[in-house]
Every structure is written in C-alpha cells, then in structure tokens.
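Participant: Input structure: query.csv, which contains CSV, C-alpha atoms and all ligand atoms.
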chain,number,residue,atom,x,y,z
A,1,MET,CA,-61.9,-48.7,81.4
A,2,LYS,CA,-60.2,-45.4,80.6
A,3,LEU,CA,-60.2,-42.3,82.8
A,4,ALA,CA,-60.8,-38.7,81.6
A,5,LEU,CA,-60.3,-35.3,83.2
A,6,THR,CA,-62.9,-32.6,82.4
A,7,ALA,CA,-61.6,-29.3,81.2
A,8,THR,CA,-62.8,-26.0,79.6
A,9,PRO,CA,-61.1,-23.0,78.2
A,10,SER,CA,-64.5,-21.3,77.7
A,11,GLN,CA,-66.1,-18.7,80.1
A,12,ALA,CA,-69.1,-20.3,81.7
A,13,ARG,CA,-71.3,-19.1,84.6
A,14,PHE,CA,-71.7,-22.6,86.0
A,15,ALA,CA,-70.4,-25.9,84.9
A,16,PRO,CA,-69.3,-29.0,86.9
A,17,ILE,CA,-65.9,-29.1,85.3
A,18,LEU,CA,-62.6,-29.8,87.1
A,19,LEU,CA,-60.1,-27.6,85.2
A,20,ARG,CA,-60.7,-24.2,83.7
A,21,GLY,CA,-58.3,-22.1,81.6
A,22,GLN,CA,-55.5,-22.7,79.2
A,23,MET,CA,-55.7,-26.0,77.3
A,24,ASP,CA,-51.9,-26.6,77.5
A,25,GLU,CA,-52.1,-26.5,81.3
A,26,ALA,CA,-55.1,-28.9,81.4
A,27,LEU,CA,-53.4,-31.4,79.1
A,28,ALA,CA,-50.2,-31.2,81.1
A,29,VAL,CA,-52.0,-31.9,84.4
A,30,ALA,CA,-54.0,-34.8,82.9
A,31,ALA,CA,-50.8,-36.4,81.6
A,32,GLU,CA,-48.9,-35.8,84.8
A,33,LEU,CA,-51.6,-37.4,86.9
A,34,GLY,CA,-51.9,-40.4,84.6
A,35,TYR,CA,-55.2,-39.8,82.9
A,36,ASP,CA,-56.0,-41.5,79.6
A,37,GLY,CA,-57.9,-38.7,78.1
A,38,ILE,CA,-59.5,-35.3,78.4
A,39,GLU,CA,-63.2,-34.4,78.1
A,40,LEU,CA,-63.6,-31.0,76.5
A,41,HIS,CA,-66.5,-28.6,77.2
A,42,LEU,CA,-66.6,-25.7,74.7
A,43,ARG,CA,-69.0,-22.9,74.2
A,44,VAL,CA,-68.0,-22.7,70.5
A,45,PRO,CA,-65.5,-25.0,68.7
A,46,ASP,CA,-63.2,-22.1,68.1
A,47,ASP,CA,-62.6,-21.7,71.8
A,48,ILE,CA,-59.6,-24.0,71.2
A,49,GLU,CA,-56.9,-23.7,68.6
A,50,ARG,CA,-57.6,-27.2,67.2
A,51,VAL,CA,-54.3,-27.9,65.4
A,52,ALA,CA,-52.2,-27.0,68.4
A,53,VAL,CA,-54.5,-28.8,71.0
A,54,ASN,CA,-54.6,-31.9,68.9
A,55,ARG,CA,-50.8,-32.0,68.5
A,56,LEU,CA,-50.3,-31.4,72.3
A,57,ALA,CA,-52.7,-34.2,73.2
A,58,GLU,CA,-50.8,-36.5,70.9
A,59,HIS,CA,-47.5,-35.4,72.4
A,60,HIS,CA,-48.9,-36.3,75.9
A,61,GLY,CA,-50.5,-39.6,74.7
A,62,LEU,CA,-54.0,-38.4,75.7
A,63,GLY,CA,-57.2,-39.1,73.9
A,64,PHE,CA,-60.3,-36.9,73.6
A,65,ALA,CA,-63.0,-38.7,75.6
A,66,MET,CA,-65.9,-36.5,74.6
A,67,LEU,CA,-67.0,-33.0,73.6
A,68,GLY,CA,-69.6,-31.3,75.8
A,69,THR,CA,-72.1,-28.9,74.1
A,70,GLY,CA,-74.2,-27.7,77.1
A,71,MET,CA,-72.8,-24.2,77.1
A,72,ALA,CA,-74.7,-23.4,73.9
A,73,ALA,CA,-77.8,-23.8,76.1
A,74,SER,CA,-76.5,-22.3,79.4
A,75,GLU,CA,-74.6,-19.4,77.9
A,76,ASP,CA,-76.3,-18.7,74.5
A,77,ARG,CA,-79.8,-20.1,75.1
A,78,LEU,CA,-79.7,-22.3,72.0
A,79,THR,CA,-81.8,-25.4,72.3
A,80,PHE,CA,-83.4,-28.1,70.1
A,81,SER,CA,-86.8,-27.6,71.7
A,82,ASP,CA,-87.1,-23.8,71.3
A,83,THR,CA,-90.4,-22.7,69.6
A,84,ASP,CA,-88.4,-20.3,67.4
A,85,PHE,CA,-87.1,-22.0,64.2
A,86,HIS,CA,-84.1,-19.7,64.1
A,87,ILE,CA,-82.9,-20.7,67.5
A,88,ARG,CA,-83.3,-24.4,66.7
A,89,HIS,CA,-81.4,-23.8,63.5
A,90,GLN,CA,-78.5,-22.1,65.4
A,91,ALA,CA,-78.5,-24.9,68.0
A,92,VAL,CA,-78.2,-27.5,65.2
A,93,GLU,CA,-75.5,-25.5,63.4
A,94,ARG,CA,-73.5,-25.3,66.7
A,95,VAL,CA,-73.7,-29.1,67.2
A,96,LEU,CA,-72.7,-29.7,63.6
A,97,ALA,CA,-69.6,-27.6,64.1
A,98,HIS,CA,-68.8,-29.6,67.3
A,99,ILE,CA,-69.2,-32.8,65.3
A,100,ASP,CA,-66.7,-31.6,62.7
A,101,LEU,CA,-64.3,-30.6,65.5
A,102,ALA,CA,-64.8,-34.1,67.1
A,103,ALA,CA,-64.0,-35.8,63.8
A,104,TYR,CA,-60.8,-33.7,63.5
A,105,LEU,CA,-59.8,-34.7,67.1
A,106,GLY,CA,-59.9,-38.4,66.2
A,107,GLY,CA,-63.6,-39.1,66.5
A,108,ALA,CA,-64.5,-38.2,70.0
A,109,PRO,CA,-68.2,-38.5,70.8
A,110,VAL,CA,-70.3,-35.4,71.1
A,111,ALA,CA,-72.8,-35.0,74.0
A,112,ILE,CA,-76.4,-34.0,73.5
A,113,GLY,CA,-77.4,-33.0,77.0
A,114,LEU,CA,-78.8,-29.6,78.0
A,115,ILE,CA,-78.8,-28.5,74.4
A,116,ARG,CA,-82.1,-30.5,74.1
A,117,GLY,CA,-83.7,-27.7,76.2
A,118,SER,CA,-87.1,-28.3,77.9
A,119,VAL,CA,-90.5,-29.3,76.5
A,120,GLY,CA,-92.9,-27.7,79.2
A,121,LYS,CA,-96.0,-29.0,80.8
A,122,ASP,CA,-98.7,-28.2,78.2
A,123,ALA,CA,-99.5,-31.6,76.6
A,124,GLU,CA,-99.9,-30.3,73.0
A,125,GLN,CA,-96.9,-28.0,73.2
A,126,CYS,CA,-94.9,-30.8,74.8
A,127,ALA,CA,-95.5,-33.2,71.9
A,128,VAL,CA,-94.6,-30.6,69.4
A,129,ARG,CA,-91.4,-29.7,71.1
A,130,TRP,CA,-90.4,-33.4,71.4
A,131,GLU,CA,-90.8,-33.5,67.6
A,132,TYR,CA,-88.5,-30.5,67.3
A,133,VAL,CA,-85.9,-32.3,69.4
A,134,GLN,CA,-86.2,-35.4,67.3
A,135,GLU,CA,-85.9,-33.4,64.0
A,136,CYS,CA,-82.8,-31.5,65.2
A,137,LEU,CA,-81.3,-34.8,66.4
A,138,LEU,CA,-81.9,-36.5,63.1
A,139,TYR,CA,-80.0,-33.7,61.3
A,140,CYS,CA,-77.1,-34.1,63.7
A,141,CYS,CA,-77.1,-37.9,63.4
A,142,ARG,CA,-76.8,-37.7,59.6
A,143,ARG,CA,-73.6,-35.5,59.9
A,144,ALA,CA,-72.3,-37.7,62.8
A,145,GLU,CA,-72.8,-40.8,60.7
A,146,ILE,CA,-70.8,-39.2,57.8
A,147,GLN,CA,-68.1,-38.0,60.1
A,148,GLY,CA,-67.8,-41.3,62.0
A,149,VAL,CA,-68.6,-39.7,65.3
A,150,ASP,CA,-71.0,-40.9,68.0
A,151,LEU,CA,-73.7,-38.7,69.6
A,152,LEU,CA,-74.4,-39.2,73.3
A,153,LEU,CA,-77.9,-38.6,74.7
A,154,GLU,CA,-77.7,-37.9,78.4
A,155,PRO,CA,-80.6,-38.4,80.8
A,156,ILE,CA,-80.5,-35.3,83.0
A,157,ASN,CA,-82.2,-34.7,86.3
A,158,ARG,CA,-85.6,-33.0,86.6
A,159,TYR,CA,-84.2,-29.8,88.1
A,160,GLU,CA,-82.3,-29.1,84.9
A,161,THR,CA,-84.6,-30.4,82.1
A,162,ASP,CA,-87.9,-32.2,81.5
A,163,CYS,CA,-86.7,-33.6,78.2
A,164,GLY,CA,-85.4,-37.1,79.2
A,165,ASN,CA,-84.7,-37.6,82.9
A,166,THR,CA,-84.3,-41.4,83.1
A,167,VAL,CA,-82.3,-44.0,81.3
A,168,ALA,CA,-85.5,-45.8,80.2
A,169,GLU,CA,-87.0,-42.6,78.7
A,170,VAL,CA,-83.8,-41.8,76.8
A,171,LEU,CA,-83.4,-45.4,75.5
A,172,TYR,CA,-87.0,-45.2,74.2
A,173,PHE,CA,-86.1,-42.0,72.4
A,174,ILE,CA,-82.9,-43.5,71.0
A,175,GLU,CA,-84.9,-46.4,69.6
A,176,ARG,CA,-87.3,-43.9,67.9
A,177,VAL,CA,-84.5,-41.9,66.3
A,178,ASN,CA,-82.9,-45.2,65.2
A,179,SER,CA,-79.4,-44.0,64.2
A,180,PRO,CA,-76.4,-46.3,64.6
A,181,CYS,CA,-74.3,-43.3,66.0
A,182,LEU,CA,-76.7,-42.6,68.8
A,183,LYS,CA,-75.6,-43.8,72.2
A,184,LEU,CA,-76.5,-43.2,75.9
A,185,LEU,CA,-74.4,-41.1,78.3
A,186,ALA,CA,-74.9,-42.3,81.9
A,187,ASP,CA,-74.2,-39.6,84.5
A,188,THR,CA,-74.3,-41.1,88.0
A,189,PHE,CA,-75.1,-37.7,89.6
A,190,HIS,CA,-78.3,-37.5,87.6
A,191,MET,CA,-79.0,-41.2,88.0
A,192,ASN,CA,-78.7,-40.9,91.8
A,193,ILE,CA,-81.7,-38.5,91.6
A,194,GLU,CA,-83.8,-40.2,88.9
A,195,GLU,CA,-83.2,-43.9,88.9
A,196,VAL,CA,-84.7,-46.6,91.2
A,197,ASP,CA,-81.6,-48.7,90.9
A,198,ILE,CA,-78.5,-47.2,89.2
A,199,CYS,CA,-76.8,-50.5,88.4
A,200,ALA,CA,-80.0,-52.0,86.9
A,201,SER,CA,-80.4,-48.9,84.7
A,202,LEU,CA,-76.8,-49.3,83.5
A,203,ARG,CA,-77.5,-52.9,82.6
A,204,LEU,CA,-80.7,-51.7,80.8
A,205,ALA,CA,-78.6,-49.4,78.6
A,206,GLY,CA,-76.3,-52.4,77.8
A,207,SER,CA,-74.5,-52.1,74.5
A,208,ARG,CA,-76.1,-48.6,73.9
A,209,LEU,CA,-73.9,-47.2,76.7
A,210,GLY,CA,-71.4,-45.0,75.0
A,211,HIS,CA,-69.9,-42.9,77.8
A,212,VAL,CA,-70.0,-42.5,81.6
A,213,HIS,CA,-69.9,-39.3,83.8
A,214,LEU,CA,-68.7,-40.9,87.0
A,215,VAL,CA,-69.7,-38.4,89.7
A,216,ASP,CA,-70.6,-38.7,93.3
A,217,SER,CA,-74.1,-38.0,94.8
A,218,ASN,CA,-73.2,-34.4,95.8
A,219,ARG,CA,-71.6,-33.7,92.4
A,220,GLN,CA,-68.1,-33.8,93.8
A,221,VAL,CA,-65.6,-36.3,92.5
A,222,VAL,CA,-66.2,-39.9,93.5
A,223,GLY,CA,-65.2,-40.8,97.0
A,224,HIS,CA,-66.5,-37.5,98.4
A,225,GLY,CA,-70.2,-38.5,98.6
A,226,HIS,CA,-72.3,-41.6,99.1
A,227,LEU,CA,-72.5,-43.2,95.7
A,228,ASP,CA,-71.7,-46.9,95.7
A,229,VAL,CA,-68.8,-46.5,93.3
A,230,HIS,CA,-67.7,-50.1,93.8
A,231,ALA,CA,-71.1,-51.4,92.7
A,232,VAL,CA,-71.1,-49.1,89.6
A,233,LEU,CA,-67.7,-50.2,88.5
A,234,GLN,CA,-68.5,-53.8,89.1
A,235,THR,CA,-71.6,-53.5,87.0
A,236,LEU,CA,-69.7,-51.7,84.2
A,237,ARG,CA,-67.0,-54.4,84.3
A,238,ASP,CA,-69.6,-57.2,84.2
A,239,MET,CA,-71.2,-55.5,81.1
A,240,GLY,CA,-67.9,-55.4,79.4
A,241,TYR,CA,-67.9,-51.6,79.2
A,242,GLY,CA,-64.5,-50.5,78.0
A,243,GLY,CA,-65.1,-46.8,77.4
A,244,TYR,CA,-64.3,-43.7,79.3
A,245,LEU,CA,-65.2,-42.7,82.9
A,246,SER,CA,-65.1,-38.9,83.0
A,247,PHE,CA,-65.0,-36.9,86.1
A,248,GLU,CA,-67.6,-34.2,85.3
A,249,ALA,CA,-67.6,-32.8,88.9
A,250,LEU,CA,-67.3,-29.7,91.0
A,251,PRO,CA,-63.7,-28.7,91.4
A,252,LEU,CA,-63.7,-29.2,95.2
A,253,PRO,CA,-61.8,-28.6,97.5
A,254,ASP,CA,-59.7,-27.2,94.5
A,255,PRO,CA,-59.3,-28.3,90.9
A,256,ARG,CA,-55.9,-30.0,91.4
A,257,GLN,CA,-56.9,-31.9,94.6
A,258,ALA,CA,-60.2,-33.1,93.0
A,259,ALA,CA,-58.3,-34.3,89.9
A,260,GLU,CA,-55.8,-36.2,92.1
A,261,ASP,CA,-58.4,-37.6,94.5
A,262,ALA,CA,-60.6,-38.9,91.6
A,263,ILE,CA,-58.0,-40.8,89.7
A,264,ARG,CA,-56.4,-42.3,92.9
A,265,TYR,CA,-59.8,-43.5,94.2
A,266,VAL,CA,-61.0,-45.0,91.0
A,267,ARG,CA,-57.6,-46.6,90.0
A,268,ALA,CA,-57.6,-48.3,93.5
A,269,LEU,CA,-61.1,-49.7,93.0
A,270,LEU,CA,-60.3,-50.9,89.5
A,271,ALA,CA,-57.2,-52.7,90.8
A,272,GLU,CA,-59.4,-54.7,93.2
A,273,ARG,CA,-60.6,-58.0,92.0
B,1,LIG,C1,-73.8,-32.4,81.3
B,1,LIG,O1,-73.1,-33.6,81.1
B,1,LIG,C2,-74.5,-32.5,82.6
B,1,LIG,O2,-74.4,-33.4,83.3
B,1,LIG,C3,-75.4,-31.3,82.9
B,1,LIG,O3,-76.0,-31.5,84.1
B,1,LIG,C4,-74.5,-30.1,83.0
B,1,LIG,O4,-75.0,-29.2,84.0
B,2,MN,MN,-73.1,-35.1,82.8
Could you render the structure from this file as structure tokens?
Facilitator:
Amino acid sequence: MKLALTATPSQARFAPILLRGQMDEALAVAAELGYDGIELHLRVPDDIERVAVNRLAEHHGLGFAMLGTGMAASEDRLTFSDTDFHIRHQAVERVLAHIDLAAYLGGAPVAIGLIRGSVGKDAEQCAVRWEYVQECLLYCCRRAEIQGVDLLLEPINRYETDCGNTVAEVLYFIERVNSPCLKLLADTFHMNIEEVDICASLRLAGSRLGHVHLVDSNRQVVGHGHLDVHAVLQTLRDMGYGGYLSFEALPLPDPRQAAEDAIRYVRALLAER
C-alpha cells in the first residue's frame, strides 16, 4: 500500500488537509518524509500551475494519489443535487475540468464527495434530487471513461450530507450508475460514525474500493485517536488492496508534526507481520 500526504494551495475556510500553501513546498516535504504520493485538494484546477507541478512531482518521484473536489461545494456552493439547473451545470463543468487535470497528471482518480450536496427530507424532492445526482454523475463518468480516470464516491457522515452516508448505500448507488470508472472511497473518519463494523464494510466494498482516507476517530492523523488502525490495515491487506492510504486529517499539533507522525505510525504497522 502507498502513502499520500494531503495538500492544498487553495484558500478554504475549513478542510482536513495537512499542508496548505505553495505546491513546491508540499512536494518537497512529502519527498523528504518518504511519502509515495500527494493528494491534491483544489477549489479550481487552475489553482496549480499544472506543467510545473507535474514536473516537480516527477523530479521527486511522487505520484498523484487523488484530486479532491469538495471545495466547489464548501467555497462556491456548487453541488449535483441543487434544484437550480445552472448550479448543477457549473458543478458538472467543475468536475469535468478536474477530470481533465487528473488525466494530465497521470490518471489520478477524482473524488465525488461533498460536491454531491444534500437531498433533504421531503420524500418527493429527495427522489428528484437523487436523480439529479445520478444524472450529473453519468456525465462525469462518460468523460472519466474517455480520459482513463476513476471517479471515487465517498460515503460521508450524516453531519455533512444526507446523500450517501454508508458504504452499503454508496455501493448500491454505484451499481445503479454502472460505470467501470466508478469506485468507492472509504474514509475511516466517516466510517467510525456511520458503520456498524468498519472492517466488514471494507470487505463489502471489495474490488470496488478505489482509495482510502486513513484518518483517526477524532479526524487527527492515525495514532492520535481510538481507531483500530491495525485491524483496518490487516483487513486491507487481506483484501489485496494495493492503492493509496491518504492522510486527510486535521494538521495537529502542526502540519509538519502530523505529516511525520502519520507516516512513522503507519510504516511501523505495515512492517509488522
Ligand atoms: C472529503 O474527502 C471528506 O472527507 C469531507 O468530509 C471533507 O470535509
Ligand atoms: Mn474524506
């Protein structure tokens, strides 16, 4: 399994991301600490200078683990479930632009998390808004299939969305959309809130599991809370998961320390037999 540091050059009010600021500094820190890749969270694709960033990552021997799109929702209020067609259209256009960037960066997967938005409690409205989400997603899947990029649907806890909280719900939706590029992103912070048994849910995702946000119960880096990280890693190993584990976590006690603690803790557990 490969390890990724999370980073953003974009201005965001709140985001559980370890490094903020210049991309050259983030890439240098990731390489220095021995990470395999970097997970990029961008408000808009042009928040990075793609040619320079791609070259620098290559220079450091780092891969792009994933592109996060949640800032389109949190900063710009663009979501797939909005009742306004123009907003949904802009949300799709934003994701399509991220897919094109991901293809340029060597085929990193693109996350579909908070950009789904929420569907509300009214039964009729709720069904309509799920249809909107599905329609937007289908557009994005067609572009992703052409570009050779995977899309990652992330179950997110009930305090942030009502549009797919559990692994089972999101797997059901993945089956309905039925695109070979659609995978599941398992985030252990959300799973700790929503799942009955985190390891059983990972096994349920099986070969549909495309990416992991390995985060502790308090959203700090693993080793700082009460998640059974050993059991999670053992389950992933048993499943033959060979993808990235990304530390999408709060930068506590400070970004550098969190980045160091996370990689040391997980590398030690992975070295155990
Ligand atoms: C995105 O990956 C995520 O986990 C959201 O909860 C961000 O707030
Ligand atoms: Mn996440």
Participant: Could you pull the residues within 9 Å of region 144-146 of chain A, counting only C-alpha atoms, minus those fewer than 3 positions along the same chain, as a ChimeraX atom specification?
Facilitator: /A:96,99-100,103,110,139-141,149-151,179-182
Participant: Go ahead and save the picked residues with C-alpha atoms, as an mmCIF file, in the coordinates of the input.
Facilitator:
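Full text of again.cif as output:
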data_model
loop_
_atom_site.group_PDB
_atom_site.id
_atom_site.type_symbol
_atom_site.label_atom_id
_atom_site.label_comp_id
_atom_site.auth_asym_id
_atom_site.auth_seq_id
_atom_site.Cartn_x
_atom_site.Cartn_y
_atom_site.Cartn_z
ATOM 1 C CA LEU A 96 -72.700 -29.700 63.600
ATOM 2 C CA ILE A 99 -69.200 -32.800 65.300
ATOM 3 C CA ASP A 100 -66.700 -31.600 62.700
ATOM 4 C CA ALA A 103 -64.000 -35.800 63.800
ATOM 5 C CA VAL A 110 -70.300 -35.400 71.100
ATOM 6 C CA TYR A 139 -80.000 -33.700 61.300
ATOM 7 C CA CYS A 140 -77.100 -34.100 63.700
ATOM 8 C CA CYS A 141 -77.100 -37.900 63.400
ATOM 9 C CA VAL A 149 -68.600 -39.700 65.300
ATOM 10 C CA ASP A 150 -71.000 -40.900 68.000
ATOM 11 C CA LEU A 151 -73.700 -38.700 69.600
ATOM 12 C CA SER A 179 -79.400 -44.000 64.200
ATOM 13 C CA PRO A 180 -76.400 -46.300 64.600
ATOM 14 C CA CYS A 181 -74.300 -43.300 66.000
ATOM 15 C CA LEU A 182 -76.700 -42.600 68.800
#
Participant: My list of candidates is A:Tyr35, A:Phe85, A:Phe64, A:Tyr159. Which is closest to ligand LIG 1 (chain B) when distances are computed with all atoms listed in the file?
Facilitator: A:Tyr159
Participant: Give me, as an MDAnalysis selection string, the set of residues whose atoms come within 9 Å of any atom of ligand MN 2 (chain B), counting only C-alpha atoms and all ligand atoms.
Facilitator: chainID A and resid 16 68 111 113 154:156 185:190 212:215 246:249
Participant: If we count all atoms listed in the file, what is near region 195-209 of chain A at a cut-off of 12 Å, once residues fewer than 2 positions away on the same chain are taken out, given as a compact mmCIF listing (two decimals) with C-alpha atoms, keeping the file's coordinate frame?
Facilitator:
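Dumped to selection-v3.txt:
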# COMPACT_ATOMS: atom_id res chain seq x y z
CA PRO A 109 -68.20 -38.50 70.80
CA ASP A 150 -71.00 -40.90 68.00
CA LEU A 151 -73.70 -38.70 69.60
CA LEU A 152 -74.40 -39.20 73.30
CA LEU A 153 -77.90 -38.60 74.70
CA GLU A 154 -77.70 -37.90 78.40
CA PRO A 155 -80.60 -38.40 80.80
CA ILE A 156 -80.50 -35.30 83.00
CA ASN A 157 -82.20 -34.70 86.30
CA ARG A 158 -85.60 -33.00 86.60
CA ASN A 165 -84.70 -37.60 82.90
CA THR A 166 -84.30 -41.40 83.10
CA VAL A 167 -82.30 -44.00 81.30
CA ALA A 168 -85.50 -45.80 80.20
CA GLU A 169 -87.00 -42.60 78.70
CA VAL A 170 -83.80 -41.80 76.80
CA LEU A 171 -83.40 -45.40 75.50
CA TYR A 172 -87.00 -45.20 74.20
CA ILE A 174 -82.90 -43.50 71.00
CA GLU A 175 -84.90 -46.40 69.60
CA ASN A 178 -82.90 -45.20 65.20
CA SER A 179 -79.40 -44.00 64.20
CA PRO A 180 -76.40 -46.30 64.60
CA CYS A 181 -74.30 -43.30 66.00
CA LEU A 182 -76.70 -42.60 68.80
CA LYS A 183 -75.60 -43.80 72.20
CA LEU A 184 -76.50 -43.20 75.90
CA LEU A 185 -74.40 -41.10 78.30
CA ALA A 186 -74.90 -42.30 81.90
CA ASP A 187 -74.20 -39.60 84.50
CA THR A 188 -74.30 -41.10 88.00
CA PHE A 189 -75.10 -37.70 89.60
CA HIS A 190 -78.30 -37.50 87.60
CA MET A 191 -79.00 -41.20 88.00
CA ASN A 192 -78.70 -40.90 91.80
CA ILE A 193 -81.70 -38.50 91.60
CA HIS A 211 -69.90 -42.90 77.80
CA VAL A 212 -70.00 -42.50 81.60
CA HIS A 213 -69.90 -39.30 83.80
CA LEU A 214 -68.70 -40.90 87.00
CA SER A 217 -74.10 -38.00 94.80
CA LEU A 227 -72.50 -43.20 95.70
CA ASP A 228 -71.70 -46.90 95.70
CA VAL A 229 -68.80 -46.50 93.30
CA HIS A 230 -67.70 -50.10 93.80
CA ALA A 231 -71.10 -51.40 92.70
CA VAL A 232 -71.10 -49.10 89.60
CA LEU A 233 -67.70 -50.20 88.50
CA GLN A 234 -68.50 -53.80 89.10
CA THR A 235 -71.60 -53.50 87.00
CA LEU A 236 -69.70 -51.70 84.20
CA ARG A 237 -67.00 -54.40 84.30
CA ASP A 238 -69.60 -57.20 84.20
CA MET A 239 -71.20 -55.50 81.10
CA GLY A 240 -67.90 -55.40 79.40
CA TYR A 241 -67.90 -51.60 79.20
CA GLY A 242 -64.50 -50.50 78.00
CA GLY A 243 -65.10 -46.80 77.40
CA TYR A 244 -64.30 -43.70 79.30
CA LEU A 245 -65.20 -42.70 82.90
Participant: Which neighbours of Arg116 (chain A) fall inside 10 Å, counting only C-alpha atoms, when residues of the same chain fewer than 3 positions from it are skipped, and could you give them as a PDB file with C-alpha atoms, in the coordinates of the input?
Facilitator:
ATOM      1  CA  GLY A  70     -74.200 -27.700  77.100  1.00  0.00           C
ATOM      2  CA  ALA A  73     -77.800 -23.800  76.100  1.00  0.00           C
ATOM      3  CA  LEU A  78     -79.700 -22.300  72.000  1.00  0.00           C
ATOM      4  CA  THR A  79     -81.800 -25.400  72.300  1.00  0.00           C
ATOM      5  CA  PHE A  80     -83.400 -28.100  70.100  1.00  0.00           C
ATOM      6  CA  SER A  81     -86.800 -27.600  71.700  1.00  0.00           C
ATOM      7  CA  ASP A  82     -87.100 -23.800  71.300  1.00  0.00           C
ATOM      8  CA  ARG A  88     -83.300 -24.400  66.700  1.00  0.00           C
ATOM      9  CA  ALA A  91     -78.500 -24.900  68.000  1.00  0.00           C
ATOM     10  CA  ILE A 112     -76.400 -34.000  73.500  1.00  0.00           C
ATOM     11  CA  GLY A 113     -77.400 -33.000  77.000  1.00  0.00           C
ATOM     12  CA  VAL A 119     -90.500 -29.300  76.500  1.00  0.00           C
ATOM     13  CA  ARG A 129     -91.400 -29.700  71.100  1.00  0.00           C
ATOM     14  CA  TRP A 130     -90.400 -33.400  71.400  1.00  0.00           C
ATOM     15  CA  TYR A 132     -88.500 -30.500  67.300  1.00  0.00           C
ATOM     16  CA  VAL A 133     -85.900 -32.300  69.400  1.00  0.00           C
ATOM     17  CA  GLN A 134     -86.200 -35.400  67.300  1.00  0.00           C
ATOM     18  CA  CYS A 136     -82.800 -31.500  65.200  1.00  0.00           C
ATOM     19  CA  LEU A 137     -81.300 -34.800  66.400  1.00  0.00           C
ATOM     20  CA  LEU A 153     -77.900 -38.600  74.700  1.00  0.00           C
ATOM     21  CA  GLU A 154     -77.700 -37.900  78.400  1.00  0.00           C
ATOM     22  CA  THR A 161     -84.600 -30.400  82.100  1.00  0.00           C
ATOM     23  CA  ASP A 162     -87.900 -32.200  81.500  1.00  0.00           C
ATOM     24  CA  CYS A 163     -86.700 -33.600  78.200  1.00  0.00           C
ATOM     25  CA  GLY A 164     -85.400 -37.100  79.200  1.00  0.00           C
TER      26      GLY A 164
END
Participant: Rounded to one decimal, what separation in Å do you get between atom O1 of ligand LIG 1 (chain B) and CA of Asp261 (chain A)?
Facilitator: 20.3 Å
Participant: Contacts of His98 (chain A) at 8 Å or less, counting only C-alpha atoms, minus same-chain residues fewer than 2 places along, as an MDAnalysis selection string?
Facilitator: chainID A and resid 44:45 67 69 94:96 100:102 110
Participant: Counting all atoms listed in the file, figure out which residue out of A:Leu62, A:Ala123, A:Leu250, A:Ala108 gets nearest to ligand LIG 1 (chain B).
Facilitator: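 That would be A:Leu250, the residue with the smallest distance to ligand LIG 1 (chain B).
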Participant: Using all atoms listed in the file, which of the listed residues (A:Gly34, A:Gly106, A:Gly117, A:Gly63) sits closest to ligand LIG 1 (chain B)?
Facilitator: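 Among A:Gly34, A:Gly106, A:Gly117, A:Gly63, it is A:Gly117 that comes nearest to ligand LIG 1 (chain B).
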Participant: Skipping near chain neighbours, those fewer than 3 positions away, what residues fall within 8 Å of Leu27 (chain A) using all atoms listed in the file, listed as a list in words?
Facilitator: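 Answer for this query is Met23, Asp24, Ala30, Ala31, Ile38, Leu56, Ala57, His60 and Leu62 of chain A.
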Participant: In Å, how far is it from CA of Gly223 (chain A) to CA of Glu272 (chain A)?
Facilitator: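 Atom-to-atom, CA of Gly223 (chain A) and CA of Glu272 (chain A) are spaced 15.5 Å apart.
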Participant: One number please: CA of Ala26 (chain A) to CA of Ala262 (chain A), in Å, one decimal.
Facilitator: 15.3 Å
Participant: From the options A:Leu105, A:Leu42, A:Ala65, A:Leu3, which residue's atoms come nearest to Arg20 (chain A), counting all atoms listed in the file?
Facilitator: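 Checking each candidate against Arg20 (chain A), we get A:Leu42 as the closest.
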Participant: For ligand LIG 1 (chain B), which of A:Val51, A:Leu114, A:Leu138, A:Met1 is the closest residue, counting all atoms listed in the file?
Facilitator: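 Looking at the shortest contact to ligand LIG 1 (chain B), the residue is A:Leu114.
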Participant: Hey, which of A:Val222, A:Met66, A:Val53, A:Leu269 ends up closest to ligand LIG 1 (chain B)? Count all atoms listed in the file.
Facilitator: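 Ranking A:Val222, A:Met66, A:Val53, A:Leu269 by distance to ligand LIG 1 (chain B), first place goes to A:Met66.
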Participant: Taking (-64.9, -36.2, 99.6) in the coordinates of the supplied file, I want to know which residues reach to within 9 Å of it, counting only C-alpha atoms; could you give the answer as a short mmCIF file (atom, residue, chain, number, x, y, z; two decimals) with C-alpha atoms, in the coordinates of the input?
Facilitator:
data_model
loop_
_atom_site.label_atom_id
_atom_site.label_comp_id
_atom_site.auth_asym_id
_atom_site.auth_seq_id
_atom_site.Cartn_x
_atom_site.Cartn_y
_atom_site.Cartn_z
CA ASP A 216 -70.60 -38.70 93.30
CA GLN A 220 -68.10 -33.80 93.80
CA VAL A 221 -65.60 -36.30 92.50
CA VAL A 222 -66.20 -39.90 93.50
CA GLY A 223 -65.20 -40.80 97.00
CA HIS A 224 -66.50 -37.50 98.40
CA GLY A 225 -70.20 -38.50 98.60
CA LEU A 252 -63.70 -29.20 95.20
CA PRO A 253 -61.80 -28.60 97.50
CA ALA A 258 -60.20 -33.10 93.00
CA ASP A 261 -58.40 -37.60 94.50
#
